[in-house]
file work07.txt (compact mmCIF, C-alpha atoms)
# COMPACT_ATOMS: atom_id res chain seq x y z
CA MET A 6 -15.03 -7.24 -71.46
CA ASN A 7 -12.82 -9.02 -68.89
CA SER A 8 -9.27 -10.27 -68.69
CA VAL A 9 -10.02 -13.45 -70.68
CA SER A 10 -12.48 -12.12 -73.25
CA PRO A 11 -11.20 -12.34 -76.83
CA VAL A 12 -10.64 -9.18 -78.81
CA LYS A 13 -13.12 -9.89 -81.58
CA GLY A 14 -12.09 -9.49 -85.19
CA ARG A 15 -8.40 -9.11 -84.34
CA GLY A 16 -5.43 -11.40 -84.56
CA ALA A 17 -3.32 -10.18 -81.64
CA GLN A 18 -5.06 -10.38 -78.29
CA LYS A 19 -2.99 -7.74 -76.51
CA ASN A 20 -0.52 -4.91 -76.93
CA THR A 21 3.02 -6.05 -76.27
CA ASN A 22 5.49 -3.58 -74.83
CA ASN A 23 7.49 -1.53 -77.31
CA LYS A 24 11.14 -2.39 -76.83
CA PHE A 25 12.13 1.17 -77.75
CA SER A 26 9.87 2.79 -75.16
CA ALA A 27 10.65 3.45 -71.50
CA TYR A 28 6.96 2.97 -70.72
CA SER A 29 4.79 -0.12 -70.72
CA TYR A 30 1.04 -0.59 -71.07
CA GLU A 31 -0.97 -2.90 -68.85
CA THR A 32 -4.70 -3.56 -68.67
CA ARG A 33 -5.29 -4.28 -65.01
CA ASP A 34 -8.07 -6.51 -63.72
CA ASP A 35 -9.23 -3.83 -61.26
CA PHE A 36 -9.70 -1.42 -64.20
CA LEU A 37 -11.71 -4.03 -66.10
CA GLU A 38 -13.84 -4.67 -63.04
CA PHE A 39 -14.46 -0.94 -62.65
CA CYS A 40 -15.63 -0.75 -66.27
CA ARG A 41 -17.94 -3.70 -65.73
CA VAL A 42 -19.51 -2.19 -62.62
CA GLU A 43 -19.90 1.24 -64.22
CA GLY A 44 -21.21 -0.18 -67.49
CA GLU A 45 -18.35 1.34 -69.47
CA ILE A 46 -16.50 -0.17 -72.41
CA ALA A 47 -12.86 -0.80 -71.57
CA ASP A 48 -11.73 -1.17 -75.17
CA ARG A 49 -13.81 0.03 -78.12
CA ASN A 50 -11.62 -1.91 -80.56
CA LYS A 51 -11.82 0.76 -83.27
CA THR A 52 -9.44 1.27 -86.18
CA GLN A 53 -7.73 4.65 -86.44
CA TYR A 54 -6.34 6.08 -89.67
CA ILE A 55 -3.44 8.39 -88.91
CA PRO A 56 -1.93 10.55 -91.70
CA ILE A 57 1.85 10.72 -91.97
CA PHE A 58 4.04 12.54 -94.48
CA PRO A 59 7.36 10.80 -95.22
CA LYS A 60 9.96 12.37 -97.50
CA SER A 61 10.26 9.26 -99.70
CA ILE A 62 8.18 6.20 -100.54
CA VAL A 63 10.46 3.75 -102.39
CA ASN A 64 12.70 1.65 -100.15
CA LYS A 65 15.76 -0.32 -101.16
CA VAL A 66 15.57 -3.89 -99.83
CA THR A 67 18.97 -5.04 -98.61
CA SER A 68 17.94 -8.49 -97.36
CA PRO A 69 19.33 -11.16 -99.73
CA ASP A 70 16.50 -13.64 -99.17
CA VAL A 71 13.35 -11.54 -99.59
CA GLY A 72 13.18 -11.75 -103.38
CA MET A 73 12.76 -8.07 -104.21
CA SER A 74 15.10 -5.11 -104.70
CA TYR A 75 12.70 -2.24 -104.00
CA SER A 76 9.42 -1.94 -102.15
CA MET A 77 6.91 0.73 -101.23
CA ASN A 78 4.20 0.87 -98.60
CA MET A 79 1.30 3.28 -98.79
CA TYR A 80 0.14 2.14 -95.36
CA GLN A 81 2.00 1.19 -92.18
CA GLY A 82 0.20 -1.25 -89.95
CA CYS A 83 -2.40 -3.62 -91.38
CA GLU A 84 -6.00 -4.20 -90.41
CA HIS A 85 -5.93 -7.74 -91.79
CA GLY A 86 -4.52 -8.78 -88.41
CA CYS A 87 -2.54 -11.84 -89.55
CA ILE A 88 -1.17 -13.21 -86.31
CA TYR A 89 2.15 -14.35 -87.79
CA CYS A 90 2.95 -11.17 -89.78
CA TYR A 91 6.65 -10.27 -89.77
CA ALA A 92 5.77 -6.60 -90.41
CA ARG A 93 4.36 -6.21 -86.90
CA ASN A 94 7.81 -5.38 -85.53
CA ALA A 95 8.08 -2.33 -87.80
CA HIS A 96 5.30 -0.64 -85.82
CA GLU A 97 7.64 -0.40 -82.85
CA PHE A 98 9.91 1.95 -84.80
CA LEU A 99 6.90 4.26 -85.15
CA GLY A 100 6.22 4.36 -81.42
CA TYR A 101 3.42 1.79 -81.29
CA SER A 102 2.98 -1.80 -80.20
CA ALA A 103 3.45 -4.74 -82.55
CA GLY A 104 0.27 -6.22 -81.13
CA LEU A 105 -3.16 -4.63 -81.35
CA ASP A 106 -1.72 -1.24 -82.32
CA PHE A 107 -0.42 -2.78 -85.55
CA GLU A 108 -3.98 -3.72 -86.51
CA ARG A 109 -5.82 -0.68 -85.15
CA LYS A 110 -3.48 2.26 -85.77
CA ILE A 111 -3.00 2.44 -89.52
CA LEU A 112 -0.63 5.12 -90.77
CA VAL A 113 -1.67 6.53 -94.14
CA LYS A 114 0.83 8.10 -96.57
CA HIS A 115 -1.43 10.42 -98.55
CA ASP A 116 1.51 11.76 -100.60
CA ALA A 117 2.52 8.29 -101.84
CA PRO A 118 1.50 8.85 -105.50
CA LYS A 119 3.30 12.20 -105.64
CA LEU A 120 6.44 10.77 -104.01
CA LEU A 121 6.41 7.81 -106.41
CA GLU A 122 6.10 10.08 -109.42
CA ALA A 123 9.07 12.16 -108.26
CA LYS A 124 11.11 8.96 -107.88
CA LEU A 125 10.26 7.64 -111.33
CA LYS A 126 11.08 11.01 -112.93
CA SER A 127 14.49 11.21 -111.28
CA LYS A 128 17.35 11.19 -113.77
CA LYS A 129 19.30 8.88 -111.46
CA TRP A 130 16.57 6.24 -111.29
CA LYS A 131 16.97 3.14 -113.46
CA ALA A 132 13.91 0.97 -113.94
CA CYS A 133 13.73 -1.95 -111.53
CA THR A 134 10.59 -3.70 -110.30
CA ILE A 135 9.09 -1.94 -107.28
CA VAL A 136 6.87 -4.17 -105.15
CA MET A 137 3.69 -2.98 -103.42
CA SER A 138 3.83 -3.75 -100.56
CA GLY A 139 6.95 -5.17 -99.02
CA ASN A 140 5.68 -4.67 -95.48
CA THR A 141 1.89 -4.40 -95.24
CA ASP A 142 -0.92 -5.27 -97.64
CA CYS A 143 -1.56 -2.56 -100.23
CA TYR A 144 -5.19 -3.77 -100.58
CA GLN A 145 -6.04 -3.85 -96.89
CA PRO A 146 -9.40 -2.28 -95.85
CA ALA A 147 -7.94 1.26 -95.75
CA GLU A 148 -7.51 1.10 -99.53
CA ARG A 149 -11.28 1.17 -100.04
CA GLU A 150 -11.34 4.63 -98.51
CA PHE A 151 -8.06 6.18 -99.66
CA GLU A 152 -7.39 4.44 -103.03
CA LEU A 153 -3.65 5.10 -102.78
CA THR A 154 -2.76 1.79 -104.40
CA ARG A 155 -4.90 2.58 -107.43
CA LYS A 156 -3.40 6.07 -107.71
CA CYS A 157 0.11 4.59 -107.59
CA LEU A 158 -0.79 2.06 -110.29
CA GLU A 159 -1.82 4.99 -112.46
CA VAL A 160 1.63 6.51 -111.93
CA PHE A 161 3.36 3.23 -112.84
CA LEU A 162 1.30 3.05 -116.03
CA LYS A 163 1.97 6.68 -116.94
CA TYR A 164 5.72 6.13 -116.71
CA ARG A 165 5.66 2.57 -118.09
CA HIS A 166 7.44 1.24 -115.03
CA PRO A 167 7.32 -2.39 -113.79
CA VAL A 168 5.46 -3.06 -110.55
CA GLY A 169 4.82 -6.13 -108.42
CA ILE A 170 1.91 -6.58 -106.02
CA ILE A 171 1.65 -8.75 -102.92
CA THR A 172 -1.83 -9.12 -101.45
CA LYS A 173 -4.37 -11.48 -99.94
CA ASN A 174 -7.37 -9.28 -100.67
CA ALA A 175 -9.75 -9.69 -103.61
CA LEU A 176 -10.06 -5.90 -103.70
CA ILE A 177 -7.28 -6.11 -106.29
CA LEU A 178 -9.96 -6.92 -108.87
CA ARG A 179 -11.31 -3.38 -108.52
CA ASP A 180 -8.20 -2.27 -110.43
CA LEU A 181 -8.40 -4.90 -113.16
CA ASP A 182 -8.60 -2.18 -115.82
CA LEU A 183 -5.22 -0.74 -114.83
CA LEU A 184 -3.68 -4.18 -114.35
CA LYS A 185 -4.69 -5.17 -117.89
CA GLU A 186 -3.10 -2.03 -119.32
CA LEU A 187 0.10 -2.61 -117.36
CA ASN A 188 0.17 -6.24 -118.43
CA ALA A 189 -0.15 -5.27 -122.09
CA HIS A 190 3.35 -3.82 -121.71
CA GLY A 191 4.71 -6.63 -119.50
CA LEU A 192 4.80 -4.34 -116.47
CA ILE A 193 2.83 -6.24 -113.81
CA GLY A 194 3.23 -9.37 -111.71
CA VAL A 195 0.86 -10.32 -108.89
CA ASN A 196 1.52 -12.42 -105.79
CA ILE A 197 -1.57 -13.64 -103.95
CA SER A 198 -1.24 -15.23 -100.54
CA VAL A 199 -3.30 -18.33 -99.83
CA THR A 200 -2.47 -19.80 -96.42
CA SER A 201 -5.20 -22.42 -96.02
CA LEU A 202 -8.23 -23.90 -97.75
CA SER A 203 -10.08 -23.99 -94.42
CA GLU A 204 -12.23 -20.97 -93.67
CA GLU A 205 -11.99 -21.71 -89.95
CA THR A 206 -8.19 -21.66 -90.13
CA ARG A 207 -8.22 -18.47 -92.20
CA ARG A 208 -10.61 -16.79 -89.80
CA ILE A 209 -8.42 -17.33 -86.74
CA LEU A 210 -5.06 -16.78 -88.49
CA GLU A 211 -6.06 -13.80 -90.66
CA PRO A 212 -9.29 -12.40 -89.18
CA ARG A 213 -9.97 -9.46 -91.50
CA THR A 214 -8.77 -10.89 -94.79
CA THR A 215 -10.96 -11.88 -97.71
CA THR A 216 -12.27 -15.43 -97.87
CA ILE A 217 -10.31 -18.26 -99.45
CA LYS A 218 -13.00 -18.63 -102.11
CA LYS A 219 -12.62 -15.00 -103.15
CA ARG A 220 -8.81 -15.26 -103.23
CA LEU A 221 -8.98 -18.26 -105.53
CA GLU A 222 -11.50 -16.41 -107.70
CA ALA A 223 -9.09 -13.46 -107.86
CA ILE A 224 -6.32 -15.75 -109.06
CA LYS A 225 -8.66 -17.13 -111.73
CA VAL A 226 -9.86 -13.72 -112.96
CA LEU A 227 -6.34 -12.30 -113.13
CA SER A 228 -4.97 -15.40 -114.85
CA GLU A 229 -7.77 -15.45 -117.42
CA ALA A 230 -6.85 -11.84 -118.19
CA GLY A 231 -3.30 -12.99 -118.91
CA ILE A 232 -1.84 -11.38 -115.80
CA PRO A 233 0.85 -13.60 -114.23
CA VAL A 234 0.03 -14.73 -110.70
CA ASN A 235 2.40 -16.34 -108.20
CA ALA A 236 0.67 -18.03 -105.28
CA MET A 237 2.30 -17.39 -101.91
CA LEU A 238 1.66 -20.42 -99.70
CA ALA A 239 3.11 -18.60 -96.77
CA PRO A 240 3.81 -19.04 -94.06
CA ILE A 241 3.68 -22.79 -93.61
CA ILE A 242 3.00 -23.33 -89.90
CA PRO A 243 3.68 -26.85 -88.60
CA GLY A 244 0.59 -28.34 -87.01
CA ILE A 245 -1.75 -25.69 -88.45
CA ASN A 246 -1.51 -25.67 -92.26
CA SER A 247 1.53 -27.84 -93.05
CA HIS A 248 -0.76 -30.77 -93.94
CA GLU A 249 -2.43 -28.67 -96.68
CA ILE A 250 0.55 -28.08 -98.97
CA LEU A 251 -0.46 -30.45 -101.78
CA ASN A 252 -4.11 -29.41 -101.68
CA LEU A 253 -3.18 -25.73 -101.65
CA ALA A 254 -0.83 -26.17 -104.61
CA LYS A 255 -3.50 -28.07 -106.53
CA ALA A 256 -6.13 -25.42 -105.88
CA VAL A 257 -4.03 -22.41 -106.91
CA SER A 258 -2.72 -24.27 -109.96
CA GLU A 259 -6.23 -25.15 -111.11
CA HIS A 260 -7.21 -21.49 -110.76
CA GLY A 261 -4.37 -20.41 -113.05
CA ALA A 262 -1.34 -19.51 -110.92
CA VAL A 263 1.86 -19.89 -112.94
CA SER A 264 4.11 -20.47 -109.92
CA MET A 265 4.11 -20.93 -106.17
CA ALA A 266 6.40 -19.96 -103.32
CA PHE A 267 6.47 -20.65 -99.59
CA THR A 268 8.17 -19.81 -96.31
CA VAL A 269 8.40 -21.66 -93.02
CA VAL A 270 6.97 -19.50 -90.25
CA ARG A 271 9.39 -17.71 -87.94
CA LEU A 272 8.29 -15.61 -85.01
CA ASN A 273 10.86 -12.85 -84.81
CA GLY A 274 10.94 -10.00 -82.30
CA ALA A 275 7.67 -9.29 -80.53
CA ILE A 276 5.79 -11.74 -82.77
CA GLY A 277 6.94 -14.69 -80.67
CA GLU A 278 5.13 -13.29 -77.62
CA ILE A 279 2.09 -12.23 -79.65
CA PHE A 280 1.73 -15.61 -81.39
CA THR A 281 2.31 -17.59 -78.18
CA ASP A 282 -0.35 -15.58 -76.33
CA TRP A 283 -2.74 -15.98 -79.29
CA ILE A 284 -2.38 -19.73 -79.76
CA ARG A 285 -2.72 -20.49 -76.06
CA LYS A 286 -6.00 -18.57 -76.05
CA THR A 287 -7.29 -19.64 -79.47
CA LEU A 288 -6.03 -23.23 -79.87
CA PRO A 289 -5.13 -24.28 -76.32
CA ASP A 290 -5.28 -28.03 -77.01
CA LYS A 291 -2.59 -27.90 -79.69
CA ALA A 292 -0.64 -24.82 -78.58
CA GLU A 293 2.41 -26.53 -77.09
CA LYS A 294 2.66 -29.01 -79.98
CA VAL A 295 2.64 -26.23 -82.58
CA LEU A 296 5.12 -24.08 -80.66
CA HIS A 297 7.50 -27.02 -80.23
CA GLN A 298 7.29 -27.90 -83.93
CA ILE A 299 8.08 -24.29 -84.89
CA GLN A 300 11.05 -24.42 -82.51
CA ASP A 301 12.16 -27.65 -84.16
CA CYS A 302 12.43 -25.76 -87.46
CA HIS A 303 14.68 -23.09 -85.95
CA GLY A 304 17.18 -24.89 -83.76
CA GLY A 305 15.05 -24.81 -80.62
CA SER A 306 13.93 -21.19 -80.96
CA LEU A 307 10.78 -19.57 -82.35
CA ASN A 308 12.99 -17.38 -84.55
CA ASP A 309 16.12 -17.63 -86.65
CA SER A 310 17.58 -14.39 -88.06
CA ARG A 311 20.22 -15.94 -90.31
CA TYR A 312 19.93 -14.89 -93.95
CA GLY A 313 19.22 -17.79 -96.26
CA VAL A 314 17.97 -19.98 -93.42
CA ARG A 315 15.45 -17.92 -91.48
CA SER A 316 12.55 -18.37 -93.92
CA ARG A 317 13.43 -21.94 -94.92
CA GLY A 318 13.99 -23.56 -91.56
CA GLU A 319 16.13 -26.58 -90.68
CA GLY A 320 15.58 -29.98 -89.12
CA ILE A 321 13.28 -32.91 -89.76
CA ILE A 322 9.98 -31.02 -89.89
CA ALA A 323 11.38 -28.29 -92.17
CA THR A 324 12.82 -30.97 -94.45
CA GLN A 325 9.42 -32.66 -94.67
CA ILE A 326 7.86 -29.32 -95.64
CA HIS A 327 10.50 -28.74 -98.33
CA ASP A 328 10.02 -32.23 -99.73
CA MET A 329 6.25 -31.71 -99.91
CA VAL A 330 6.68 -28.35 -101.67
CA SER A 331 9.09 -29.90 -104.20
CA LEU A 332 6.56 -32.63 -104.93
CA ALA A 333 3.78 -30.06 -105.31
CA LYS A 334 5.80 -28.00 -107.78
CA ARG A 335 6.61 -31.07 -109.90
CA LYS A 336 3.03 -32.25 -109.83
CA TYR A 337 1.15 -29.01 -110.41
CA PHE A 338 3.55 -26.44 -111.88
CA LYS A 339 5.70 -28.36 -114.33
CA GLY A 340 6.50 -26.20 -117.36
CA ARG A 341 5.09 -23.01 -115.80
CA ASN A 342 7.21 -19.97 -115.04
CA PHE A 343 6.65 -16.51 -113.61
CA PRO A 344 7.89 -14.04 -116.26
CA LYS A 345 10.43 -11.26 -115.81
CA LEU A 346 8.90 -7.82 -116.03
CA ASN A 347 9.74 -5.30 -118.73
CA VAL A 348 12.28 -2.63 -117.69
CA SER A 349 13.00 -1.32 -121.19
CA LEU A 350 10.14 1.17 -121.61
CA HIS A 351 10.55 3.46 -118.65
CA GLU A 352 13.49 5.52 -119.86
CA SER A 353 11.46 6.82 -122.79
CA TYR A 354 8.59 7.84 -120.52
CA LYS A 355 10.44 9.68 -117.76
CA ASP A 356 8.81 12.97 -118.64
CA GLY A 357 5.40 11.33 -118.85
CA GLN A 358 5.21 10.81 -122.58
CA LEU A 359 6.98 8.82 -125.27
CA LYS A 360 10.01 10.46 -126.89
CA LEU A 361 10.06 10.49 -130.70
CA PHE A 362 13.83 10.61 -131.02

call {"tool": "encode", "arguments": {"input": "work07.txt", "output": "structure tokens"}}
result
Amino acid sequence: MNSVSPVKGRGAQKNTNNKFSAYSYETRDDFLEFCRVEGEIADRNKTQYIPIFPKSIVNKVTSPDVGMSYSMNMYQGCEHGCIYCYARNAHEFLGYSAGLDFERKILVKHDAPKLLEAKLKSKKWKACTIVMSGNTDCYQPAEREFELTRKCLEVFLKYRHPVGIITKNALILRDLDLLKELNAHGLIGVNISVTSLSEETRRILEPRTTTIKKRLEAIKVLSEAGIPVNAMLAPIIPGINSHEILNLAKAVSEHGAVSMAFTVVRLNGAIGEIFTDWIRKTLPDKAEKVLHQIQDCHGGSLNDSRYGVRSRGEGIIATQIHDMVSLAKRKYFKGRNFPKLNVSLHESYKDGQLKLF
């Protein structure tokens, strides 16, 4: 490995400095040269699973433009490695970098099912859709080993409580049995992210995610089972996938999605540095064009933190994206709607079984 070698199988190509830390991390060329001469590996690029034990698992979402009221995350950090992921910044609050640490240091909340059950049994809790996951993917690779998402779905079913899922991993089909049972009571809605129809684009944007073919198959299988699926065409990145909007909408519609949503990419916090470093190394010929077009959507900056505007963008390019999305919805989703989930059953199941009177 040397100073220009890519970090294989990862999105971020470096660890950015944590803004909350007094210390910084630097991989020096003389260290890399020493490793080369000595035949040592400078960076083994391994994923670590680190157990943590929070006191609660359900989070109230105060942002007015996220589209959910409560979320829960069984994992912090995400091995999928999506280069644009807004959740990267959250890793800094935990003492890590938003760059490679976010993808390689995965914090695992083993008590998540127990914490969720305590929340749903609380006398003060009133049923409201809880979304897995608001921050990182609940079906990322760690789920194969720990099965925390499945265990939480079992809790939701036991207490007849509505739950939403956001994922880009076909591993969701492993839990089709639970999803069918939840759907029989109107308790489940699934959001599947499809960012591109190009495998090459997916591979560089989202290196450890499932293939586009498998995501579309997941939408089809879930839809054929009657489970409502919303396709998340997000984020739309000018110059990378913005030309695919109509084709993406057509594909997810044909596979059974009942609705679609989108966001315009914004590179907040450390993500601006991470994305800029990545695109200059990965797509050097178009890097400046893409960065300038993103800036055009956010008043000359890579980020806009204003509620109601930050995920929609402004300007000519953002307007073109919005117009294309509006056309796609009229063309491929006319008469389709994502249903509201059932909040009426939970109160009768707070002790784990149906009350007779």

call {"tool": "closest_residue", "arguments": {"input": "work07.txt", "among": "A:Gly44, A:Gly104, A:Pro59, A:Gly139", "to": "Gly277 (chain A)", "atoms": "all atoms listed in the file"}}
result
A:Gly104

call {"tool": "closest_residue", "arguments": {"input": "work07.txt", "among": "A:Leu192, A:Cys87, A:Val113, A:Ala323", "to": "Ala132 (chain A)", "atoms": "all atoms listed in the file"}}
result
A:Leu192

call {"tool": "atom_distance", "arguments": {"input": "work07.txt", "atom1": "CA of Val348 (chain A)", "atom2": "CA of Asn196 (chain A)"}}
result
18.8 Å

call {"tool": "atom_distance", "arguments": {"input": "work07.txt", "atom1": "CA of Ser316 (chain A)", "atom2": "CA of His248 (chain A)"}}
result
18.2 Å

call {"tool": "closest_residue", "arguments": {"input": "work07.txt", "among": "A:Lys24, A:Arg155, A:Lys355, A:Lys294", "to": "Leu184 (chain A)", "atoms": "only C-alpha atoms"}}
result
A:Arg155

call {"tool": "residues_around", "arguments": {"input": "work07.txt", "residues": "Lys114 (chain A)", "least_positions_apart": "4", "cutoff": "6 Å", "atoms": "all atoms listed in the file", "output": "JSON, numbers by chain"}}
result
{"A": [57, 58, 79]}

call {"tool": "residues_around", "arguments": {"input": "work07.txt", "residues": "Pro344 (chain A)", "least_positions_apart": "2", "cutoff": "9 Å", "atoms": "only C-alpha atoms", "output": "list of chain:residue names"}}
result
A:Gly191, A:Gly194, A:Pro233, A:Asn342, A:Leu346

call {"tool": "closest_residue", "arguments": {"input": "work07.txt", "among": "A:His297, A:Arg341, A:Arg271, A:Lys110", "to": "Gly318 (chain A)", "atoms": "all atoms listed in the file"}}
result
A:Arg271

call {"tool": "residues_near_point", "arguments": {"input": "work07.txt", "point": "(6.5, -17.6, -102.0)", "cutoff": "10 Å", "atoms": "all atoms listed in the file", "output": "PyMOL selection string"}}
result
chain A and resi 71-72+196-198+235-240+264-268

call {"tool": "residues_near_point", "arguments": {"input": "work07.txt", "point": "(6.2, -6.2, -113.6)", "cutoff": "10 Å", "atoms": "all atoms listed in the file", "output": "list in words"}}
result
Cys133, Thr134, Ile135, Val136, Phe161, Arg165, His166, Pro167, Val168, Gly169, Ile170, Leu187, Asn188, His190, Gly191, Leu192, Ile193, Gly194, Val195, Ile232, Pro233, Pro344, Lys345, Leu346, Asn347 and Val348 of chain A

call {"tool": "closest_residue", "arguments": {"input": "work07.txt", "among": "A:Glu43, A:Glu122, A:Asp356, A:Asp328", "to": "Ile250 (chain A)", "atoms": "all atoms listed in the file"}}
result
A:Asp328

call {"tool": "atom_distance", "arguments": {"input": "work07.txt", "atom1": "CA of Asn22 (chain A)", "atom2": "CA of Thr200 (chain A)"}}
result
28.2 Å

call {"tool": "closest_residue", "arguments": {"input": "work07.txt", "among": "A:Asn78, A:Thr206, A:Thr281, A:Gln145", "to": "Pro118 (chain A)", "atoms": "all atoms listed in the file"}}
result
A:Asn78

call {"tool": "build_atoms", "arguments": {"input": "work07.txt", "residues": "region 199-215 of chain A", "atoms": "N, CA, C and O atoms", "output": "PDB file, in the coordinates of the input"}}
result
ATOM      1  N   VAL A 199      -2.243 -17.391-100.206  1.00  0.00           N
ATOM      2  CA  VAL A 199      -3.300 -18.330 -99.830  1.00  0.00           C
ATOM      3  C   VAL A 199      -2.703 -19.264 -98.781  1.00  0.00           C
ATOM      4  O   VAL A 199      -1.880 -20.113 -99.087  1.00  0.00           O
ATOM      5  N   THR A 200      -3.118 -19.107 -97.540  1.00  0.00           N
ATOM      6  CA  THR A 200      -2.470 -19.800 -96.420  1.00  0.00           C
ATOM      7  C   THR A 200      -3.166 -21.099 -96.051  1.00  0.00           C
ATOM      8  O   THR A 200      -2.556 -21.973 -95.447  1.00  0.00           O
ATOM      9  N   SER A 201      -4.437 -21.228 -96.387  1.00  0.00           N
ATOM     10  CA  SER A 201      -5.200 -22.420 -96.020  1.00  0.00           C
ATOM     11  C   SER A 201      -6.416 -22.520 -96.928  1.00  0.00           C
ATOM     12  O   SER A 201      -6.859 -21.524 -97.509  1.00  0.00           O
ATOM     13  N   LEU A 202      -6.956 -23.716 -97.056  1.00  0.00           N
ATOM     14  CA  LEU A 202      -8.230 -23.900 -97.750  1.00  0.00           C
ATOM     15  C   LEU A 202      -9.387 -23.987 -96.758  1.00  0.00           C
ATOM     16  O   LEU A 202     -10.546 -24.091 -97.161  1.00  0.00           O
ATOM     17  N   SER A 203      -9.069 -23.925 -95.474  1.00  0.00           N
ATOM     18  CA  SER A 203     -10.080 -23.990 -94.420  1.00  0.00           C
ATOM     19  C   SER A 203     -10.475 -22.582 -93.997  1.00  0.00           C
ATOM     20  O   SER A 203      -9.631 -21.796 -93.565  1.00  0.00           O
ATOM     21  N   GLU A 204     -11.755 -22.276 -94.098  1.00  0.00           N
ATOM     22  CA  GLU A 204     -12.230 -20.970 -93.670  1.00  0.00           C
ATOM     23  C   GLU A 204     -12.046 -20.762 -92.170  1.00  0.00           C
ATOM     24  O   GLU A 204     -11.788 -19.650 -91.713  1.00  0.00           O
ATOM     25  N   GLU A 205     -12.189 -21.824 -91.399  1.00  0.00           N
ATOM     26  CA  GLU A 205     -11.990 -21.710 -89.950  1.00  0.00           C
ATOM     27  C   GLU A 205     -10.539 -21.340 -89.644  1.00  0.00           C
ATOM     28  O   GLU A 205     -10.266 -20.475 -88.808  1.00  0.00           O
ATOM     29  N   THR A 206      -9.601 -21.989 -90.337  1.00  0.00           N
ATOM     30  CA  THR A 206      -8.190 -21.660 -90.130  1.00  0.00           C
ATOM     31  C   THR A 206      -7.903 -20.237 -90.571  1.00  0.00           C
ATOM     32  O   THR A 206      -7.208 -19.486 -89.872  1.00  0.00           O
ATOM     33  N   ARG A 207      -8.436 -19.844 -91.732  1.00  0.00           N
ATOM     34  CA  ARG A 207      -8.220 -18.470 -92.200  1.00  0.00           C
ATOM     35  C   ARG A 207      -8.770 -17.461 -91.209  1.00  0.00           C
ATOM     36  O   ARG A 207      -8.152 -16.446 -90.906  1.00  0.00           O
ATOM     37  N   ARG A 208      -9.949 -17.738 -90.683  1.00  0.00           N
ATOM     38  CA  ARG A 208     -10.610 -16.790 -89.800  1.00  0.00           C
ATOM     39  C   ARG A 208      -9.799 -16.520 -88.539  1.00  0.00           C
ATOM     40  O   ARG A 208      -9.713 -15.377 -88.080  1.00  0.00           O
ATOM     41  N   ILE A 209      -9.171 -17.552 -87.978  1.00  0.00           N
ATOM     42  CA  ILE A 209      -8.420 -17.330 -86.740  1.00  0.00           C
ATOM     43  C   ILE A 209      -7.006 -16.837 -87.018  1.00  0.00           C
ATOM     44  O   ILE A 209      -6.449 -16.091 -86.219  1.00  0.00           O
ATOM     45  N   LEU A 210      -6.425 -17.225 -88.164  1.00  0.00           N
ATOM     46  CA  LEU A 210      -5.060 -16.780 -88.490  1.00  0.00           C
ATOM     47  C   LEU A 210      -5.042 -15.372 -89.053  1.00  0.00           C
ATOM     48  O   LEU A 210      -4.130 -14.588 -88.761  1.00  0.00           O
ATOM     49  N   GLU A 211      -6.038 -15.046 -89.875  1.00  0.00           N
ATOM     50  CA  GLU A 211      -6.060 -13.800 -90.660  1.00  0.00           C
ATOM     51  C   GLU A 211      -7.466 -13.202 -90.589  1.00  0.00           C
ATOM     52  O   GLU A 211      -8.209 -13.221 -91.571  1.00  0.00           O
ATOM     53  N   PRO A 212      -7.879 -12.673 -89.446  1.00  0.00           N
ATOM     54  CA  PRO A 212      -9.290 -12.400 -89.180  1.00  0.00           C
ATOM     55  C   PRO A 212      -9.991 -11.422 -90.101  1.00  0.00           C
ATOM     56  O   PRO A 212     -11.199 -11.522 -90.293  1.00  0.00           O
ATOM     57  N   ARG A 213      -9.274 -10.445 -90.665  1.00  0.00           N
ATOM     58  CA  ARG A 213      -9.970  -9.460 -91.500  1.00  0.00           C
ATOM     59  C   ARG A 213      -9.529  -9.525 -92.959  1.00  0.00           C
ATOM     60  O   ARG A 213      -9.589  -8.541 -93.682  1.00  0.00           O
ATOM     61  N   THR A 214      -9.122 -10.692 -93.388  1.00  0.00           N
ATOM     62  CA  THR A 214      -8.770 -10.890 -94.790  1.00  0.00           C
ATOM     63  C   THR A 214      -9.988 -11.405 -95.553  1.00  0.00           C
ATOM     64  O   THR A 214     -10.977 -11.852 -94.970  1.00  0.00           O
ATOM     65  N   THR A 215      -9.884 -11.355 -96.882  1.00  0.00           N
ATOM     66  CA  THR A 215     -10.960 -11.880 -97.710  1.00  0.00           C
ATOM     67  C   THR A 215     -10.989 -13.399 -97.629  1.00  0.00           C
ATOM     68  O   THR A 215     -10.005 -14.038 -97.255  1.00  0.00           O
TER      69      THR A 215
END
